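Student: Sharing coords-v3.pdb here; it has PDB, C-alpha atoms and all ligand atoms.
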```pdb
ATOM      1  CA  MET L 251     -61.773 -36.343  21.305
ATOM      2  CA  SER L 252     -62.611 -32.989  22.797
ATOM      3  CA  ARG L 253     -61.400 -30.185  20.587
ATOM      4  CA  LYS L 254     -60.378 -26.848  22.068
ATOM      5  CA  LEU L 255     -62.573 -24.069  20.680
ATOM      6  CA  PHE L 256     -60.847 -21.556  18.415
ATOM      7  CA  ILE L 257     -62.402 -18.105  18.112
ATOM      8  CA  ALA L 258     -60.800 -15.783  15.585
ATOM      9  CA  GLY L 259     -61.580 -12.296  14.335
ATOM     10  CA  ASN L 260     -61.271 -11.080  10.767
ATOM     11  CA  TRP L 261     -61.142  -7.300  10.635
ATOM     12  CA  LYS L 262     -61.223  -7.296   6.825
ATOM     13  CA  MET L 263     -60.274  -3.884   5.313
ATOM     14  CA  ASN L 264     -61.303  -1.968   8.428
ATOM     15  CA  SER L 265     -59.725  -0.174  11.409
ATOM     16  CA  SER L 266     -56.973   2.455  11.588
ATOM     17  CA  ALA L 267     -53.495   2.711  13.117
ATOM     18  CA  ALA L 268     -54.884   4.167  16.333
ATOM     19  CA  SER L 269     -58.033   2.080  16.722
ATOM     20  CA  SER L 270     -56.329  -1.232  15.856
ATOM     21  CA  VAL L 271     -53.917  -0.744  18.765
ATOM     22  CA  GLU L 272     -56.625   0.548  21.090
ATOM     23  CA  VAL L 273     -58.974  -2.381  20.403
ATOM     24  CA  ALA L 274     -56.148  -4.938  20.597
ATOM     25  CA  ALA L 275     -54.965  -3.495  23.920
ATOM     26  CA  GLY L 276     -58.521  -3.749  25.252
ATOM     27  CA  MET L 277     -58.797  -7.356  24.121
ATOM     28  CA  ALA L 278     -55.418  -8.181  25.662
ATOM     29  CA  SER L 279     -56.453  -6.810  29.026
ATOM     30  CA  GLU L 280     -59.949  -8.330  28.991
ATOM     31  CA  LEU L 281     -59.239 -11.713  27.355
ATOM     32  CA  GLY L 282     -55.472 -12.123  27.264
ATOM     33  CA  ALA L 283     -55.221 -14.513  30.207
ATOM     34  CA  ILE L 284     -57.904 -16.936  28.978
ATOM     35  CA  ASP L 285     -56.530 -20.367  28.220
ATOM     36  CA  ALA L 286     -59.698 -22.399  27.785
ATOM     37  CA  VAL L 287     -60.180 -21.304  24.167
ATOM     38  CA  ASP L 288     -57.701 -20.364  21.450
ATOM     39  CA  MET L 289     -58.090 -16.799  20.167
ATOM     40  CA  ALA L 290     -56.656 -14.835  17.261
ATOM     41  CA  ILE L 291     -57.224 -11.538  15.496
ATOM     42  CA  CYS L 292     -56.468 -10.946  11.814
ATOM     43  CA  PRO L 293     -56.031  -7.225  11.133
ATOM     44  CA  PRO L 294     -55.209  -5.645   7.762
ATOM     45  CA  PHE L 295     -51.524  -6.252   6.912
ATOM     46  CA  VAL L 296     -50.385  -2.732   7.795
ATOM     47  CA  TYR L 297     -51.820  -2.881  11.316
ATOM     48  CA  ILE L 298     -50.347  -6.296  12.178
ATOM     49  CA  PRO L 299     -47.187  -4.990  13.922
ATOM     50  CA  GLY L 300     -49.175  -2.747  16.284
ATOM     51  CA  VAL L 301     -51.549  -5.569  17.142
ATOM     52  CA  VAL L 302     -48.661  -8.017  17.676
ATOM     53  CA  GLU L 303     -47.135  -5.521  20.099
ATOM     54  CA  ALA L 304     -50.446  -5.004  21.927
ATOM     55  CA  PHE L 305     -50.959  -8.774  22.299
ATOM     56  CA  LYS L 306     -47.424  -9.452  23.572
ATOM     57  CA  GLY L 307     -47.586 -11.589  26.711
ATOM     58  CA  SER L 308     -51.267 -12.421  26.122
ATOM     59  CA  ASN L 309     -52.851 -15.636  24.840
ATOM     60  CA  ILE L 310     -54.252 -13.951  21.731
ATOM     61  CA  GLY L 311     -52.471 -14.757  18.484
ATOM     62  CA  VAL L 312     -52.259 -12.675  15.332
ATOM     63  CA  GLY L 313     -53.006 -13.711  11.784
ATOM     64  CA  ALA L 314     -53.135 -12.227   8.303
ATOM     65  CA  GLN L 315     -56.121 -12.310   5.983
ATOM     66  CA  ASN L 316     -54.217 -13.498   2.928
ATOM     67  CA  MET L 317     -50.701 -14.126   1.582
ATOM     68  CA  TYR L 318     -48.873 -14.784  -1.669
ATOM     69  CA  PHE L 319     -47.228 -18.081  -2.554
ATOM     70  CA  GLU L 320     -43.725 -16.824  -3.362
ATOM     71  CA  ASP L 321     -41.125 -15.697  -0.809
ATOM     72  CA  ASN L 322     -40.109 -12.452  -2.505
ATOM     73  CA  GLY L 323     -39.476 -10.930  -5.914
ATOM     74  CA  ALA L 324     -41.326  -9.012  -8.589
ATOM     75  CA  PHE L 325     -44.862  -9.417  -7.241
ATOM     76  CA  THR L 326     -45.944  -5.819  -6.739
ATOM     77  CA  GLY L 327     -48.466  -5.405  -3.968
ATOM     78  CA  GLU L 328     -48.166  -8.916  -2.573
ATOM     79  CA  ILE L 329     -47.053 -10.083   0.902
ATOM     80  CA  SER L 330     -45.320 -13.427   1.494
ATOM     81  CA  GLY L 331     -45.816 -15.947   4.258
ATOM     82  CA  GLN L 332     -42.229 -15.412   5.363
ATOM     83  CA  MET L 333     -42.917 -11.706   5.756
ATOM     84  CA  LEU L 334     -45.917 -12.555   7.913
ATOM     85  CA  LYS L 335     -43.792 -14.838  10.090
ATOM     86  CA  ASP L 336     -41.138 -12.139  10.246
ATOM     87  CA  ILE L 337     -43.567  -9.661  11.855
ATOM     88  CA  GLY L 338     -45.031 -12.122  14.332
ATOM     89  CA  CYS L 339     -48.002 -13.751  12.605
ATOM     90  CA  ARG L 340     -48.925 -17.249  13.664
ATOM     91  CA  TYR L 341     -52.000 -17.643  11.443
ATOM     92  CA  VAL L 342     -53.217 -16.857   7.960
ATOM     93  CA  ILE L 343     -56.762 -16.947   6.578
ATOM     94  CA  LEU L 344     -56.888 -18.535   3.119
ATOM     95  CA  GLY L 345     -59.809 -18.973   0.754
ATOM     96  CA  HIS L 346     -62.075 -16.425   2.420
ATOM     97  CA  SER L 347     -65.254 -15.966   0.388
ATOM     98  CA  GLU L 348     -64.298 -12.376  -0.421
ATOM     99  CA  ARG L 349     -60.986 -13.606  -1.851
ATOM    100  CA  ARG L 350     -62.891 -16.211  -3.867
ATOM    101  CA  HIS L 351     -65.872 -14.185  -5.035
ATOM    102  CA  VAL L 352     -64.686 -10.561  -5.048
ATOM    103  CA  LEU L 353     -60.995 -11.044  -5.865
ATOM    104  CA  GLY L 354     -61.421 -14.108  -8.087
ATOM    105  CA  GLU L 355     -59.269 -16.687  -6.282
ATOM    106  CA  THR L 356     -59.675 -20.237  -7.581
ATOM    107  CA  ASP L 357     -59.484 -23.527  -5.715
ATOM    108  CA  ALA L 358     -56.144 -24.193  -7.446
ATOM    109  CA  LEU L 359     -54.655 -20.864  -6.335
ATOM    110  CA  ILE L 360     -55.905 -21.398  -2.802
ATOM    111  CA  ASN L 361     -54.317 -24.872  -2.789
ATOM    112  CA  THR L 362     -50.995 -23.327  -3.855
ATOM    113  CA  LYS L 363     -51.254 -20.824  -1.023
ATOM    114  CA  VAL L 364     -52.201 -23.509   1.526
ATOM    115  CA  THR L 365     -49.173 -25.554   0.457
ATOM    116  CA  LYS L 366     -46.852 -22.561   0.808
ATOM    117  CA  ALA L 367     -48.314 -21.387   4.124
ATOM    118  CA  LEU L 368     -47.635 -24.854   5.560
ATOM    119  CA  ALA L 369     -44.052 -24.717   4.296
ATOM    120  CA  ASP L 370     -43.780 -21.320   6.011
ATOM    121  CA  GLU L 371     -45.045 -22.917   9.249
ATOM    122  CA  LEU L 372     -48.123 -20.755   9.449
ATOM    123  CA  GLU L 373     -51.357 -22.136  10.858
ATOM    124  CA  ILE L 374     -54.192 -21.820   8.398
ATOM    125  CA  MET L 375     -57.844 -20.930   8.675
ATOM    126  CA  PHE L 376     -59.038 -22.435   5.413
ATOM    127  CA  CYS L 377     -62.463 -21.065   4.459
ATOM    128  CA  VAL L 378     -65.169 -22.782   2.468
ATOM    129  CA  GLY L 379     -68.853 -22.092   1.953
ATOM    130  CA  GLU L 380     -71.670 -21.917  -0.540
ATOM    131  CA  LEU L 381     -73.460 -18.968  -2.158
ATOM    132  CA  LEU L 382     -77.175 -18.450  -1.502
ATOM    133  CA  ASP L 383     -78.090 -19.695  -4.989
ATOM    134  CA  GLU L 384     -76.001 -22.808  -4.406
ATOM    135  CA  ARG L 385     -77.786 -23.505  -1.115
ATOM    136  CA  LYS L 386     -81.170 -22.977  -2.754
ATOM    137  CA  ALA L 387     -80.156 -25.405  -5.493
ATOM    138  CA  ASP L 388     -79.160 -28.001  -2.879
ATOM    139  CA  GLN L 389     -75.515 -27.691  -3.916
ATOM    140  CA  THR L 390     -74.024 -27.013  -0.468
ATOM    141  CA  THR L 391     -72.441 -30.434  -0.024
ATOM    142  CA  ALA L 392     -71.122 -30.463  -3.587
ATOM    143  CA  VAL L 393     -69.596 -26.989  -3.234
ATOM    144  CA  VAL L 394     -67.834 -27.546   0.089
ATOM    145  CA  THR L 395     -66.702 -30.992  -1.067
ATOM    146  CA  ARG L 396     -65.103 -29.458  -4.159
ATOM    147  CA  GLN L 397     -63.537 -26.590  -2.203
ATOM    148  CA  ILE L 398     -62.038 -28.941   0.392
ATOM    149  CA  THR L 399     -60.938 -31.652  -2.024
ATOM    150  CA  GLU L 400     -59.249 -29.123  -4.331
ATOM    151  CA  GLY L 401     -58.024 -26.777  -1.625
ATOM    152  CA  LEU L 402     -56.358 -29.560   0.368
ATOM    153  CA  LYS L 403     -55.012 -31.448  -2.668
ATOM    154  CA  ASN L 404     -51.666 -33.107  -1.815
ATOM    155  CA  ILE L 405     -51.769 -31.829   1.773
ATOM    156  CA  SER L 406     -50.367 -34.539   4.055
ATOM    157  CA  ARG L 407     -52.188 -35.949   7.070
ATOM    158  CA  GLU L 408     -49.392 -34.568   9.312
ATOM    159  CA  ALA L 409     -49.999 -31.078   7.961
ATOM    160  CA  MET L 410     -53.685 -31.255   8.908
ATOM    161  CA  SER L 411     -52.789 -30.389  12.508
ATOM    162  CA  SER L 412     -51.918 -26.886  11.230
ATOM    163  CA  ILE L 413     -55.227 -26.438   9.440
ATOM    164  CA  THR L 414     -58.547 -25.227  10.812
ATOM    165  CA  ILE L 415     -61.432 -25.389   8.368
ATOM    166  CA  ALA L 416     -63.833 -22.443   8.529
ATOM    167  CA  TYR L 417     -67.310 -23.135   7.188
ATOM    168  CA  GLU L 418     -68.691 -19.771   6.158
ATOM    169  CA  PRO L 419     -71.923 -19.818   4.167
ATOM    170  CA  VAL L 420     -71.519 -16.769   1.923
ATOM    171  CA  TRP L 421     -75.145 -15.727   2.435
ATOM    172  CA  ALA L 422     -74.459 -15.364   6.157
ATOM    173  CA  ILE L 423     -71.267 -13.280   5.940
ATOM    174  CA  GLY L 424     -71.818  -9.656   6.874
ATOM    175  CA  THR L 425     -75.549  -9.964   6.248
ATOM    176  CA  GLY L 426     -76.844 -10.321   9.787
ATOM    177  CA  GLU L 427     -78.393 -13.600   8.661
ATOM    178  CA  THR L 428     -76.903 -16.542  10.554
ATOM    179  CA  ALA L 429     -77.114 -20.224   9.756
ATOM    180  CA  THR L 430     -79.279 -21.959  12.320
ATOM    181  CA  PRO L 431     -77.410 -24.283  14.675
ATOM    182  CA  ASP L 432     -78.972 -27.204  12.788
ATOM    183  CA  GLN L 433     -77.818 -25.882   9.418
ATOM    184  CA  ALA L 434     -74.303 -25.286  10.753
ATOM    185  CA  GLN L 435     -74.085 -28.663  12.496
ATOM    186  CA  ASP L 436     -75.313 -30.414   9.374
ATOM    187  CA  VAL L 437     -72.597 -28.969   7.122
ATOM    188  CA  HIS L 438     -69.898 -29.312   9.793
ATOM    189  CA  ALA L 439     -70.721 -33.016  10.161
ATOM    190  CA  THR L 440     -70.546 -33.384   6.378
ATOM    191  CA  ILE L 441     -67.161 -31.662   6.320
ATOM    192  CA  ARG L 442     -65.841 -33.880   9.130
ATOM    193  CA  GLY L 443     -67.068 -36.942   7.231
ATOM    194  CA  LEU L 444     -65.296 -35.732   4.101
ATOM    195  CA  VAL L 445     -62.034 -35.187   6.011
ATOM    196  CA  GLY L 446     -62.425 -38.769   7.240
ATOM    197  CA  GLN L 447     -62.698 -39.979   3.650
ATOM    198  CA  LEU L 448     -59.766 -37.863   2.435
ATOM    199  CA  TYR L 449     -57.571 -38.774   5.435
ATOM    200  CA  ASP L 450     -58.792 -41.049   8.222
ATOM    201  CA  ALA L 451     -60.983 -41.098  11.323
ATOM    202  CA  GLU L 452     -58.223 -39.806  13.589
ATOM    203  CA  ILE L 453     -57.646 -36.705  11.462
ATOM    204  CA  ALA L 454     -61.393 -36.154  11.081
ATOM    205  CA  ASP L 455     -61.850 -36.331  14.820
ATOM    206  CA  ALA L 456     -59.014 -33.886  15.487
ATOM    207  CA  VAL L 457     -59.635 -31.240  12.835
ATOM    208  CA  ARG L 458     -61.239 -28.060  14.117
ATOM    209  CA  ILE L 459     -64.101 -26.635  12.074
ATOM    210  CA  GLN L 460     -65.056 -23.028  12.789
ATOM    211  CA  TYR L 461     -68.395 -21.532  11.808
ATOM    212  CA  GLY L 462     -68.421 -18.047  10.303
ATOM    213  CA  GLY L 463     -71.310 -15.829   9.278
ATOM    214  CA  SER L 464     -72.776 -13.087  11.460
ATOM    215  CA  VAL L 465     -71.642 -14.657  14.734
ATOM    216  CA  LYS L 466     -72.337 -12.280  17.630
ATOM    217  CA  PRO L 467     -72.578 -12.495  21.421
ATOM    218  CA  SER L 468     -76.294 -13.309  21.237
ATOM    219  CA  ASN L 469     -75.962 -16.371  18.982
ATOM    220  CA  ALA L 470     -72.441 -17.635  19.726
ATOM    221  CA  ALA L 471     -73.239 -20.020  22.574
ATOM    222  CA  GLU L 472     -75.941 -21.806  20.587
ATOM    223  CA  LEU L 473     -73.794 -22.179  17.463
ATOM    224  CA  LEU L 474     -70.648 -23.154  19.337
ATOM    225  CA  GLY L 475     -72.633 -25.636  21.384
ATOM    226  CA  CYS L 476     -73.113 -27.846  18.325
ATOM    227  CA  PRO L 477     -71.010 -31.003  18.527
ATOM    228  CA  ASP L 478     -69.089 -30.415  15.289
ATOM    229  CA  VAL L 479     -68.690 -26.626  15.644
ATOM    230  CA  ASP L 480     -65.254 -26.017  17.137
ATOM    231  CA  GLY L 481     -65.092 -22.270  17.136
ATOM    232  CA  ALA L 482     -65.963 -19.212  15.112
ATOM    233  CA  LEU L 483     -64.457 -16.944  12.504
ATOM    234  CA  VAL L 484     -65.970 -13.582  13.306
ATOM    235  CA  GLY L 485     -66.047 -10.509  11.087
ATOM    236  CA  GLY L 486     -68.077  -7.505  12.248
ATOM    237  CA  ALA L 487     -68.356  -8.580  15.867
ATOM    238  CA  SER L 488     -64.581  -8.884  16.206
ATOM    239  CA  MET L 489     -64.134  -5.146  15.686
ATOM    240  CA  THR L 490     -64.974  -4.161  19.260
ATOM    241  CA  VAL L 491     -63.702  -5.451  22.576
ATOM    242  CA  ALA L 492     -67.241  -5.758  23.933
ATOM    243  CA  ASP L 493     -68.572  -7.920  21.093
ATOM    244  CA  PHE L 494     -65.500 -10.150  20.756
ATOM    245  CA  ALA L 495     -65.327 -10.590  24.515
ATOM    246  CA  GLY L 496     -69.063 -11.297  24.556
ATOM    247  CA  ILE L 497     -68.539 -14.138  22.092
ATOM    248  CA  VAL L 498     -65.546 -15.586  23.935
ATOM    249  CA  ASN L 499     -67.213 -15.264  27.351
ATOM    250  CA  SER L 500     -70.388 -16.917  26.075
ATOM    251  CA  VAL L 501     -68.547 -20.225  25.710
ATOM    252  CA  LEU L 502     -66.521 -20.177  28.929
TER     253      LEU L 502
HETATM  254  C1  LIG W   1     -66.022 -13.088   8.032
HETATM  255  O1  LIG W   1     -65.521 -12.004   7.762
HETATM  256  O2  LIG W   1     -65.413 -14.120   7.810
HETATM  257  C2  LIG W   1     -67.357 -13.098   8.633
HETATM  258  C3  LIG W   1     -67.886 -14.235   8.978
HETATM  259  O3  LIG W   1     -67.973 -11.880   8.790
HETATM  260  P1  LIG W   1     -69.278 -11.563   9.708
HETATM  261  O4  LIG W   1     -69.046 -12.190  11.042
HETATM  262  O5  LIG W   1     -69.330 -10.073   9.762
HETATM  263  O6  LIG W   1     -70.445 -12.178   8.997
END
```
What's the structure tokens form of this structure?
Tutor:
Amino acid sequence: MSRKLFIAGNWKMNSSAASSVEVAAGMASELGAIDAVDMAICPPFVYIPGVVEAFKGSNIGVGAQNMYFEDNGAFTGEISGQMLKDIGCRYVILGHSERRHVLGETDALINTKVTKALADELEIMFCVGELLDERKADQTTAVVTRQITEGLKNISREAMSSITIAYEPVWAIGTGETATPDQAQDVHATIRGLVGQLYDAEIADAVRIQYGGSVKPSNAAELLGCPDVDGALVGGASMTVADFAGIVNSVL
């Protein structure tokens, strides 16, 4: 099966009211008509409405970087999946390494959020990846296997069509150090094999696996040319029109 590439940007806790709209408008005019790849941008919560408005009529979707697993109630500071849908989000990133390692999210919590996001009919970018020490200790396969097995616990095979897995080695996120195409391909193939074991060959063949970790225009084509790399989750280089467009254009 040929899988359509999916290139998404994660702005993390960056941007401003003015620049989020300006950058999104630039992306809409430069990339908005492209149909050959799927594209999305995930701004901070508060800038989502402006970006949704700027992307209206374009092929670029909008996602959030996190959500809570209840609909509403006494959960000060949290945002629900229904709220995200309400303001025009199609996607949500769950299990990002910063949520895991800086904010302390566990595999069990991430699984609860994945389950709820699916019920809310959001499409999920579900992130996994090993720390540098874990890679050095040859634990990469064990770590991503645990993260995927636990994170997708009780998720049906039908629901897998709403899930993109993002392999993001933590040592490559925001560091300028990128996995080599061989390193990325190796882990992506392992992940696809694991999805085949957890589900079946059809699901494994269909699931999209993005690579994330210092993707930029200069390395995107090589990484996204690997057979099991089906797109990218891009942090720093998704903050400007030129860099994000450079990545998208490198695979067209
Ligand atoms: C990310 O934020 O998920 C990411 C991969 O960041 P960067 O591209 O900056 O490494």
Student: Any idea what's packed within 10 Å of stretch 275-291 of chain L, counting only C-alpha atoms, ignoring anything in its chain fewer than 6 positions away? Could you give it as a PyMOL selection string?
Tutor: chain L and resi 253-261+269+298+300-315+339-341+480-485+488-492+494-495+498-499+501-502
Student: Can you give me, as a short mmCIF file (atom, residue, chain, number, x, y, z; two decimals) with C-alpha atoms, in the frame of the given file, the residues this file yields under the PyMOL selection byres (((not hetatm)) within 7 of (chain W and resi 1))?
Tutor:
```cif
data_model
loop_
_atom_site.label_atom_id
_atom_site.label_comp_id
_atom_site.auth_asym_id
_atom_site.auth_seq_id
_atom_site.Cartn_x
_atom_site.Cartn_y
_atom_site.Cartn_z
CA ASN L 260 -61.27 -11.08 10.77
CA LYS L 262 -61.22 -7.30 6.82
CA HIS L 346 -62.08 -16.42 2.42
CA GLU L 418 -68.69 -19.77 6.16
CA ALA L 422 -74.46 -15.36 6.16
CA ILE L 423 -71.27 -13.28 5.94
CA GLY L 424 -71.82 -9.66 6.87
CA THR L 425 -75.55 -9.96 6.25
CA GLY L 426 -76.84 -10.32 9.79
CA GLY L 462 -68.42 -18.05 10.30
CA GLY L 463 -71.31 -15.83 9.28
CA SER L 464 -72.78 -13.09 11.46
CA VAL L 465 -71.64 -14.66 14.73
CA LEU L 483 -64.46 -16.94 12.50
CA VAL L 484 -65.97 -13.58 13.31
CA GLY L 485 -66.05 -10.51 11.09
CA GLY L 486 -68.08 -7.50 12.25
CA ALA L 487 -68.36 -8.58 15.87
#
```
Student: So, counting only C-alpha atoms, which residue among L:Ala324, L:Ile398, L:Leu372, L:Ala267 is closest to L:Gly446?
Tutor: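 So, comparing all the options, the nearest one is L:Ile398.
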Student: Which one of L:Ile360, L:Ser411, L:Pro431, L:Val437 sits closest to L:Val394 if you count all atoms listed in the file?
Tutor: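 Of L:Ile360, L:Ser411, L:Pro431, L:Val437, the one nearest L:Val394, counting all atoms listed in the file, is L:Val437.
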Student: Tell me, in Å to one decimal, how far atom CA of L:Tyr297 is from atom CA of L:Gln332.
Tutor: 16.9 Å
Student: Do you have the atom CA of L:Arg458-atom CA of L:Val479 distance handy?
Tutor: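 These atoms are spaced 7.7 Å apart.
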Student: Please indicate the distance in Å from atom CA of L:Lys386 to atom CA of L:Val352, rounded to one decimal place.
Tutor: 20.8 Å
Student: Nearest to L:Ala456: which of L:Ala471, L:Ala392, L:Met333, L:Ile413 is it, counting all atoms listed in the file?
Tutor: L:Ile413
Student: Taking 4 positions as the minimum chain separation for residues in the same chain, which residues sit within 9 Å of L:Tyr449 when counting all atoms listed in the file? Answer as a list in words.
Tutor: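 Everything that qualifies: Ser406, Arg407, Leu444, Val445, Ile453 and Ala454 of chain L.
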Student: Which of these, L:Thr440, L:Ser412, L:Ser270, L:Asn361, has the shortest distance to L:Val393 once you count all atoms listed in the file?
Tutor: L:Thr440
